[in-house]
Every structure is written in C-alpha cells, then in structure tokens.
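Dropping protein.tsv in here (TSV, N, CA and C atoms):
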chain	number	residue	atom	x	y	z
A	1	MET	N	120.28	50.37	-38.00
A	1	MET	CA	121.53	50.43	-37.28
A	1	MET	C	121.79	51.84	-36.78
A	2	ILE	N	121.66	52.84	-37.66
A	2	ILE	CA	121.88	54.23	-37.28
A	2	ILE	C	120.83	54.68	-36.28
A	3	LEU	N	119.59	54.26	-36.50
A	3	LEU	CA	118.51	54.61	-35.58
A	3	LEU	C	118.78	54.04	-34.19
A	4	LYS	N	119.26	52.82	-34.15
A	4	LYS	CA	119.58	52.17	-32.88
A	4	LYS	C	120.68	52.94	-32.15
A	5	LEU	N	121.70	53.36	-32.87
A	5	LEU	CA	122.79	54.13	-32.29
A	5	LEU	C	122.30	55.49	-31.78
A	6	LEU	N	121.45	56.14	-32.55
A	6	LEU	CA	120.90	57.42	-32.12
A	6	LEU	C	120.07	57.28	-30.85
A	7	LYS	N	119.25	56.24	-30.79
A	7	LYS	CA	118.47	56.00	-29.58
A	7	LYS	C	119.38	55.81	-28.38
A	8	ARG	N	120.45	55.04	-28.57
A	8	ARG	CA	121.41	54.78	-27.49
A	8	ARG	C	122.06	56.07	-27.00
A	9	LEU	N	122.36	56.97	-27.93
A	9	LEU	CA	123.03	58.21	-27.58
A	9	LEU	C	122.08	59.25	-26.99
A	10	LEU	N	120.84	59.25	-27.44
A	10	LEU	CA	119.92	60.32	-27.06
A	10	LEU	C	118.96	59.96	-25.93
A	11	PHE	N	118.67	58.71	-25.75
A	11	PHE	CA	117.64	58.33	-24.79
A	11	PHE	C	118.19	57.34	-23.75
A	12	TRP	N	117.62	57.45	-22.54
A	12	TRP	CA	117.94	56.46	-21.52
A	12	TRP	C	117.32	55.14	-21.92
A	13	ARG	N	117.99	54.09	-21.61
A	13	ARG	CA	117.38	52.78	-21.78
A	13	ARG	C	116.37	52.60	-20.66
A	14	LYS	N	115.36	51.81	-20.89
A	14	LYS	CA	114.30	51.60	-19.91
A	14	LYS	C	114.10	50.11	-19.67
A	15	ILE	N	113.52	49.79	-18.52
A	15	ILE	CA	113.15	48.41	-18.22
A	15	ILE	C	111.64	48.39	-17.95
A	16	SER	N	111.07	47.20	-18.03
A	16	SER	CA	109.63	47.07	-17.80
A	16	SER	C	109.31	47.31	-16.32
A	17	GLN	N	108.06	47.62	-16.06
A	17	GLN	CA	107.62	47.83	-14.68
A	17	GLN	C	107.77	46.56	-13.86
A	18	ILE	N	107.56	45.41	-14.51
A	18	ILE	CA	107.71	44.13	-13.80
A	18	ILE	C	109.16	43.93	-13.38
A	19	SER	N	110.09	44.17	-14.30
A	19	SER	CA	111.51	44.04	-13.96
A	19	SER	C	111.89	45.02	-12.87
A	20	HIS	N	111.39	46.24	-12.97
A	20	HIS	CA	111.67	47.26	-11.97
A	20	HIS	C	111.21	46.80	-10.59
A	21	LYS	N	109.99	46.29	-10.55
A	21	LYS	CA	109.42	45.81	-9.28
A	21	LYS	C	110.25	44.64	-8.73
A	22	ASN	N	110.66	43.73	-9.62
A	22	ASN	CA	111.48	42.58	-9.18
A	22	ASN	C	112.84	43.04	-8.63
A	23	PHE	N	113.44	44.03	-9.27
A	23	PHE	CA	114.72	44.55	-8.79
A	23	PHE	C	114.55	45.22	-7.42
A	24	GLN	N	113.48	45.96	-7.24
A	24	GLN	CA	113.23	46.60	-5.95
A	24	GLN	C	112.99	45.55	-4.86
A	25	LYS	N	112.25	44.51	-5.20
A	25	LYS	CA	112.00	43.43	-4.25
A	25	LYS	C	113.31	42.76	-3.85
A	26	ARG	N	114.14	42.50	-4.84
A	26	ARG	CA	115.44	41.86	-4.58
A	26	ARG	C	116.31	42.76	-3.70
A	27	LEU	N	116.27	44.06	-3.95
A	27	LEU	CA	117.03	45.01	-3.15
A	27	LEU	C	116.59	44.95	-1.69
A	28	SER	N	115.30	44.91	-1.45
A	28	SER	CA	114.81	44.85	-0.06
A	28	SER	C	115.17	43.52	0.61
A	29	GLU	N	115.27	42.44	-0.15
A	29	GLU	CA	115.70	41.16	0.40
A	29	GLU	C	117.19	41.20	0.77
A	30	ILE	N	117.98	41.81	-0.08
A	30	ILE	CA	119.43	41.87	0.15
A	30	ILE	C	119.74	42.67	1.40
A	31	ILE	N	119.00	43.74	1.62
A	31	ILE	CA	119.24	44.61	2.78
A	31	ILE	C	119.12	43.85	4.10
A	32	GLN	N	118.40	42.76	4.11
A	32	GLN	CA	118.20	41.97	5.33
A	32	GLN	C	119.42	41.11	5.68
A	33	LYS	N	120.36	40.99	4.78
A	33	LYS	CA	121.51	40.10	4.98
A	33	LYS	C	122.65	40.82	5.70
A	34	ASP	N	123.67	40.07	6.07
A	34	ASP	CA	124.84	40.69	6.71
A	34	ASP	C	125.62	41.51	5.67
A	35	SER	N	126.44	42.43	6.15
A	35	SER	CA	127.14	43.39	5.28
A	35	SER	C	127.99	42.70	4.23
A	36	PHE	N	128.66	41.63	4.59
A	36	PHE	CA	129.52	40.90	3.65
A	36	PHE	C	128.69	40.41	2.46
A	37	ARG	N	127.57	39.74	2.75
A	37	ARG	CA	126.69	39.22	1.69
A	37	ARG	C	126.04	40.37	0.92
A	38	GLN	N	125.71	41.44	1.62
A	38	GLN	CA	125.07	42.58	0.95
A	38	GLN	C	125.94	43.13	-0.16
A	39	VAL	N	127.22	43.38	0.13
A	39	VAL	CA	128.11	43.95	-0.88
A	39	VAL	C	128.16	43.05	-2.11
A	40	ILE	N	128.31	41.76	-1.89
A	40	ILE	CA	128.40	40.81	-3.00
A	40	ILE	C	127.11	40.78	-3.81
A	41	GLU	N	125.99	40.70	-3.11
A	41	GLU	CA	124.71	40.58	-3.81
A	41	GLU	C	124.25	41.91	-4.42
A	42	LEU	N	124.60	43.04	-3.82
A	42	LEU	CA	124.28	44.33	-4.43
A	42	LEU	C	125.05	44.50	-5.73
A	43	ASP	N	126.29	44.05	-5.73
A	43	ASP	CA	127.11	44.11	-6.94
A	43	ASP	C	126.48	43.27	-8.05
A	44	LYS	N	126.04	42.10	-7.68
A	44	LYS	CA	125.39	41.20	-8.65
A	44	LYS	C	124.07	41.81	-9.15
A	45	LEU	N	123.32	42.42	-8.24
A	45	LEU	CA	122.06	43.06	-8.63
A	45	LEU	C	122.30	44.19	-9.61
A	46	TYR	N	123.31	45.02	-9.34
A	46	TYR	CA	123.63	46.13	-10.25
A	46	TYR	C	123.99	45.59	-11.63
A	47	HIS	N	124.77	44.51	-11.67
A	47	HIS	CA	125.14	43.89	-12.94
A	47	HIS	C	123.88	43.41	-13.67
A	48	HIS	N	122.97	42.77	-12.96
A	48	HIS	CA	121.73	42.28	-13.58
A	48	HIS	C	120.88	43.43	-14.12
A	49	ILE	N	120.87	44.56	-13.42
A	49	ILE	CA	120.13	45.72	-13.91
A	49	ILE	C	120.72	46.17	-15.25
A	50	LEU	N	122.03	46.26	-15.31
A	50	LEU	CA	122.68	46.68	-16.56
A	50	LEU	C	122.46	45.68	-17.68
A	51	LEU	N	122.45	44.39	-17.35
A	51	LEU	CA	122.15	43.37	-18.36
A	51	LEU	C	120.72	43.54	-18.87
A	52	GLU	N	119.80	43.81	-17.96
A	52	GLU	CA	118.40	44.01	-18.34
A	52	GLU	C	118.25	45.22	-19.26
A	53	LEU	N	119.12	46.20	-19.09
A	53	LEU	CA	119.09	47.39	-19.94
A	53	LEU	C	119.64	47.12	-21.34
A	54	GLY	N	120.23	45.93	-21.53
A	54	GLY	CA	120.73	45.58	-22.85
A	54	GLY	C	122.23	45.56	-22.98
A	55	TYR	N	122.94	45.87	-21.90
A	55	TYR	CA	124.39	45.77	-21.95
A	55	TYR	C	124.75	44.28	-21.87
A	56	SER	N	125.94	43.93	-22.36
A	56	SER	CA	126.35	42.54	-22.29
A	56	SER	C	127.78	42.45	-21.80
A	57	GLY	N	128.10	41.29	-21.26
A	57	GLY	CA	129.45	41.05	-20.78
A	57	GLY	C	129.53	41.05	-19.27
A	58	SER	N	130.76	40.93	-18.79
A	58	SER	CA	130.98	40.95	-17.34
A	58	SER	C	130.69	42.36	-16.82
A	59	PHE	N	130.50	42.46	-15.53
A	59	PHE	CA	130.25	43.77	-14.92
A	59	PHE	C	131.41	44.72	-15.22
A	60	TRP	N	132.61	44.22	-15.11
A	60	TRP	CA	133.82	45.00	-15.39
A	60	TRP	C	133.79	45.53	-16.82
A	61	ASN	N	133.47	44.67	-17.79
A	61	ASN	CA	133.43	45.09	-19.19
A	61	ASN	C	132.33	46.13	-19.44
A	62	ILE	N	131.20	45.96	-18.78
A	62	ILE	CA	130.11	46.93	-18.93
A	62	ILE	C	130.53	48.28	-18.35
A	63	LEU	N	131.15	48.26	-17.17
A	63	LEU	CA	131.57	49.52	-16.55
A	63	LEU	C	132.61	50.24	-17.39
A	64	LYS	N	133.45	49.49	-18.09
A	64	LYS	CA	134.45	50.12	-18.97
A	64	LYS	C	133.77	50.93	-20.09
A	65	LYS	N	132.54	50.54	-20.45
A	65	LYS	CA	131.80	51.25	-21.50
A	65	LYS	C	131.19	52.56	-20.99
A	66	ASN	N	131.29	52.78	-19.67
A	66	ASN	CA	130.76	53.98	-19.04
A	66	ASN	C	129.29	54.22	-19.39
A	67	PRO	N	128.40	53.31	-18.97
A	67	PRO	CA	126.98	53.44	-19.32
A	67	PRO	C	126.42	54.80	-18.90
A	68	ARG	N	125.69	55.43	-19.78
A	68	ARG	CA	125.19	56.77	-19.47
A	68	ARG	C	124.11	56.77	-18.40
A	69	GLU	N	123.56	55.62	-18.07
A	69	GLU	CA	122.55	55.56	-17.01
A	69	GLU	C	123.17	55.71	-15.62
A	70	ILE	N	124.48	55.54	-15.52
A	70	ILE	CA	125.17	55.64	-14.23
A	70	ILE	C	125.62	57.09	-14.03
A	71	ASP	N	125.17	57.70	-12.94
A	71	ASP	CA	125.52	59.09	-12.65
A	71	ASP	C	127.01	59.26	-12.36
A	72	ASP	N	127.50	58.47	-11.43
A	72	ASP	CA	128.89	58.62	-11.01
A	72	ASP	C	129.59	57.27	-11.13
A	73	ILE	N	130.22	57.06	-12.26
A	73	ILE	CA	130.87	55.77	-12.54
A	73	ILE	C	131.96	55.46	-11.52
A	74	GLU	N	132.60	56.48	-10.98
A	74	GLU	CA	133.68	56.27	-10.01
A	74	GLU	C	133.18	55.59	-8.73
A	75	ILE	N	131.99	55.97	-8.28
A	75	ILE	CA	131.42	55.33	-7.09
A	75	ILE	C	131.15	53.86	-7.37
A	76	VAL	N	130.57	53.58	-8.52
A	76	VAL	CA	130.24	52.18	-8.85
A	76	VAL	C	131.53	51.38	-9.01
A	77	TRP	N	132.55	51.95	-9.65
A	77	TRP	CA	133.84	51.26	-9.77
A	77	TRP	C	134.40	50.94	-8.39
A	78	ARG	N	134.38	51.94	-7.49
A	78	ARG	CA	134.93	51.75	-6.15
A	78	ARG	C	134.19	50.62	-5.43
A	79	LEU	N	132.88	50.62	-5.52
A	79	LEU	CA	132.08	49.58	-4.85
A	79	LEU	C	132.34	48.20	-5.46
A	80	HIS	N	132.48	48.16	-6.78
A	80	HIS	CA	132.78	46.88	-7.44
A	80	HIS	C	134.16	46.36	-7.00
A	81	LYS	N	135.11	47.25	-6.85
A	81	LYS	CA	136.44	46.85	-6.40
A	81	LYS	C	136.41	46.32	-4.97
A	82	ILE	N	135.57	46.92	-4.13
A	82	ILE	CA	135.42	46.43	-2.75
A	82	ILE	C	134.84	45.02	-2.77
A	83	ARG	N	133.86	44.81	-3.63
A	83	ARG	CA	133.29	43.46	-3.78
A	83	ARG	C	134.37	42.48	-4.18
A	84	ASN	N	135.22	42.87	-5.14
A	84	ASN	CA	136.30	41.98	-5.58
A	84	ASN	C	137.29	41.70	-4.46
A	85	ARG	N	137.60	42.71	-3.67
A	85	ARG	CA	138.50	42.49	-2.52
A	85	ARG	C	137.89	41.48	-1.56
A	86	LEU	N	136.61	41.60	-1.31
A	86	LEU	CA	135.94	40.68	-0.39
A	86	LEU	C	136.00	39.24	-0.91
A	87	VAL	N	135.74	39.08	-2.17
A	87	VAL	CA	135.65	37.75	-2.75
A	87	VAL	C	137.02	37.13	-3.00
A	88	HIS	N	137.97	37.93	-3.46
A	88	HIS	CA	139.24	37.37	-3.89
A	88	HIS	C	140.41	37.56	-2.92
A	89	ASP	N	140.37	38.62	-2.15
A	89	ASP	CA	141.54	38.93	-1.33
A	89	ASP	C	141.26	38.90	0.16
A	90	GLU	N	140.56	39.91	0.62
A	90	GLU	CA	140.38	40.11	2.06
A	90	GLU	C	138.95	39.82	2.48
A	91	LYS	N	138.83	38.93	3.39
A	91	LYS	CA	137.51	38.68	3.95
A	91	LYS	C	137.32	39.53	5.20
A	92	HIS	N	138.38	40.18	5.65
A	92	HIS	CA	138.33	40.93	6.91
A	92	HIS	C	138.37	42.43	6.66
A	93	ILE	N	137.23	42.97	6.29
A	93	ILE	CA	137.06	44.42	6.19
A	93	ILE	C	136.08	44.78	7.30
A	94	SER	N	136.35	45.86	8.00
A	94	SER	CA	135.53	46.18	9.18
A	94	SER	C	134.06	46.32	8.80
A	95	ASN	N	133.22	45.93	9.74
A	95	ASN	CA	131.77	46.02	9.53
A	95	ASN	C	131.33	47.46	9.31
A	96	HIS	N	132.01	48.39	9.98
A	96	HIS	CA	131.68	49.80	9.82
A	96	HIS	C	131.89	50.23	8.36
A	97	ILE	N	133.01	49.86	7.78
A	97	ILE	CA	133.30	50.21	6.39
A	97	ILE	C	132.32	49.50	5.45
A	98	LEU	N	132.08	48.22	5.71
A	98	LEU	CA	131.13	47.48	4.86
A	98	LEU	C	129.73	48.09	4.92
A	99	HIS	N	129.33	48.48	6.12
A	99	HIS	CA	128.00	49.08	6.28
A	99	HIS	C	127.90	50.37	5.47
A	100	LYS	N	128.92	51.19	5.53
A	100	LYS	CA	128.96	52.43	4.76
A	100	LYS	C	128.89	52.13	3.25
A	101	ASP	N	129.64	51.12	2.84
A	101	ASP	CA	129.66	50.75	1.42
A	101	ASP	C	128.32	50.21	0.95
A	102	THR	N	127.66	49.42	1.79
A	102	THR	CA	126.35	48.90	1.38
A	102	THR	C	125.34	50.03	1.25
A	103	GLN	N	125.43	51.03	2.11
A	103	GLN	CA	124.53	52.18	1.99
A	103	GLN	C	124.78	52.92	0.68
A	104	SER	N	126.06	53.08	0.32
A	104	SER	CA	126.39	53.73	-0.95
A	104	SER	C	125.86	52.93	-2.13
A	105	TYR	N	126.03	51.62	-2.07
A	105	TYR	CA	125.57	50.76	-3.16
A	105	TYR	C	124.04	50.84	-3.29
A	106	CYS	N	123.35	50.80	-2.16
A	106	CYS	CA	121.89	50.91	-2.20
A	106	CYS	C	121.45	52.23	-2.81
A	107	ARG	N	122.10	53.32	-2.46
A	107	ARG	CA	121.78	54.62	-3.04
A	107	ARG	C	121.97	54.62	-4.55
A	108	GLU	N	123.08	54.03	-5.00
A	108	GLU	CA	123.36	53.99	-6.44
A	108	GLU	C	122.34	53.13	-7.18
A	109	ILE	N	121.95	52.02	-6.58
A	109	ILE	CA	120.94	51.16	-7.21
A	109	ILE	C	119.59	51.87	-7.27
A	110	LYS	N	119.22	52.54	-6.19
A	110	LYS	CA	117.95	53.28	-6.20
A	110	LYS	C	117.99	54.39	-7.24
A	111	ARG	N	119.14	55.03	-7.39
A	111	ARG	CA	119.28	56.11	-8.38
A	111	ARG	C	119.06	55.59	-9.80
A	112	ILE	N	119.74	54.48	-10.12
A	112	ILE	CA	119.60	53.96	-11.49
A	112	ILE	C	118.19	53.42	-11.72
A	113	LEU	N	117.61	52.78	-10.71
A	113	LEU	CA	116.25	52.27	-10.88
A	113	LEU	C	115.26	53.40	-11.08
A	114	GLY	N	115.50	54.54	-10.44
A	114	GLY	CA	114.64	55.70	-10.62
A	114	GLY	C	114.70	56.25	-12.03
A	115	LYS	N	115.84	56.13	-12.67
A	115	LYS	CA	116.03	56.66	-14.03
A	115	LYS	C	115.44	55.77	-15.11
A	116	ILE	N	115.48	54.47	-14.89
A	116	ILE	CA	115.22	53.55	-16.00
A	116	ILE	C	113.83	52.93	-15.99
A	117	LYS	N	113.01	53.30	-15.04
A	117	LYS	CA	111.66	52.74	-14.99
A	117	LYS	C	110.84	53.27	-16.15
A	118	SER	N	110.18	52.36	-16.84
A	118	SER	CA	109.37	52.82	-17.99
A	118	SER	C	107.97	53.19	-17.58
Same coordinates, now as structure tokens:
Amino acid sequence: MILKLLKRLLFWRKISQISHKNFQKRLSEIIQKDSFRQVIELDKLYHHILLELGYSGSFWNILKKNPREIDDIEIVWRLHKIRNRLVHDEKHISNHILHKDTQSYCREIKRILGKIKS
C-alpha cells in the first residue's frame, strides 16, 4: 500500500505502447470530423487516456483529483466545460471558437501522450 502510494507520488503513470498507438490512431481519426464532434470526442479520448492510466470515475471526478500527468489542469477544465456546453446547453458556438478549442485539446492530448508512453 505504501509502495503504491510512493509510486503514485514519485513517478508518472505509463501506458503500453499498444495503448499509446491506439490513442494516437483515434486522435487522427477524430481530427477528420467536424469541430462539434471533435470537441466531444476529444473530451472522451482524454477521459479514456486517464482511465487507462488507472484513474477511475467520471472525467469531472478525475479532474478534481488534479492528476499530475496533466500540465495545465485549467486548460483541460476549460475544454471539458466547453464540451459540456455543447452537449447540454448551447449547440451554437461559432466554428472559429470551436476550431481554436479543438486545436487546444489536440495539443493537450499530444502533451499527455508524450509523457505517459512506456
């Protein structure tokens, strides 16, 4: 138990090369979609990456834990909130804003994938 906690505090969690490759493939597939779908699916992909790292729960609950693999939690929170607005509130966000947000999300996903590859 103590060893597990020390590993969590001192070391980055890692994923297998196969999982890494699958996440990269999924990212390239998502980029081909329209901006609305991209934001939703990038959010889901980020959640799946965190689940693969061993976190559990909803994306919101995982983000509340402030995973150390995430460089800037505020960016990820902002992007997740945009996804929630799209799904639950507003379907009409300008394509320009969505495009900018999808680029930010892609950068964040590439950043975390770069850190966690074993």
field: All residues 7 Å or closer to region 97-111 of chain A, all atoms listed in the file, same chain fewer than 4 positions away omitted, as a ChimeraX atom specification
entry: /A:35-36,38-39,42,46,79,93,115-116
Near-Ile15 (chain A) list (9 Å; only C-alpha atoms; drop same-chain fewer than 4 positions) as a VMD selection string: chain A and resid 19 to 20 49 52 to 53 113 116 to 118
- prompt: Interatomic distance between atom C of Asp72 (chain A) and atom C of Phe23 (chain A)?
  reply: 19.6 Å
task: Grab the atom N of Glu69 (chain A) to atom C of Ile112 (chain A) distance for me, in Å with one decimal place.
output: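 Computing it gives 8.6 Å between the two atoms.
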- request: Determine which residues of chain A receive a DSSP assignment of alpha helix (DSSP H), computed from the backbone, and state them as a ChimeraX atom specification.
  value: /A:2-10,17-30,35-52,59-64,73-84,95-116
task: Identify which of the residues A:Arg13, A:His96, A:Gly114, A:Arg83 lies closest to Tyr55 (chain A), counting only C-alpha atoms when measuring atom-to-atom distances.
output: A:Arg13
- prompt: CA of Glu74 (chain A) to CA of Gln17 (chain A): how many Å, to one decimal?
  reply: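 CA of Gln17 (chain A) lies at a distance of 27.8 Å from CA of Glu74 (chain A).
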query: Looking at only N, CA and C atoms, which of A:Ile31, A:Leu50, A:Ile18, A:Ile40 is the one that sits closest to Ile62 (chain A)?
result: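 Under the stated criterion, the closest residue is A:Leu50.
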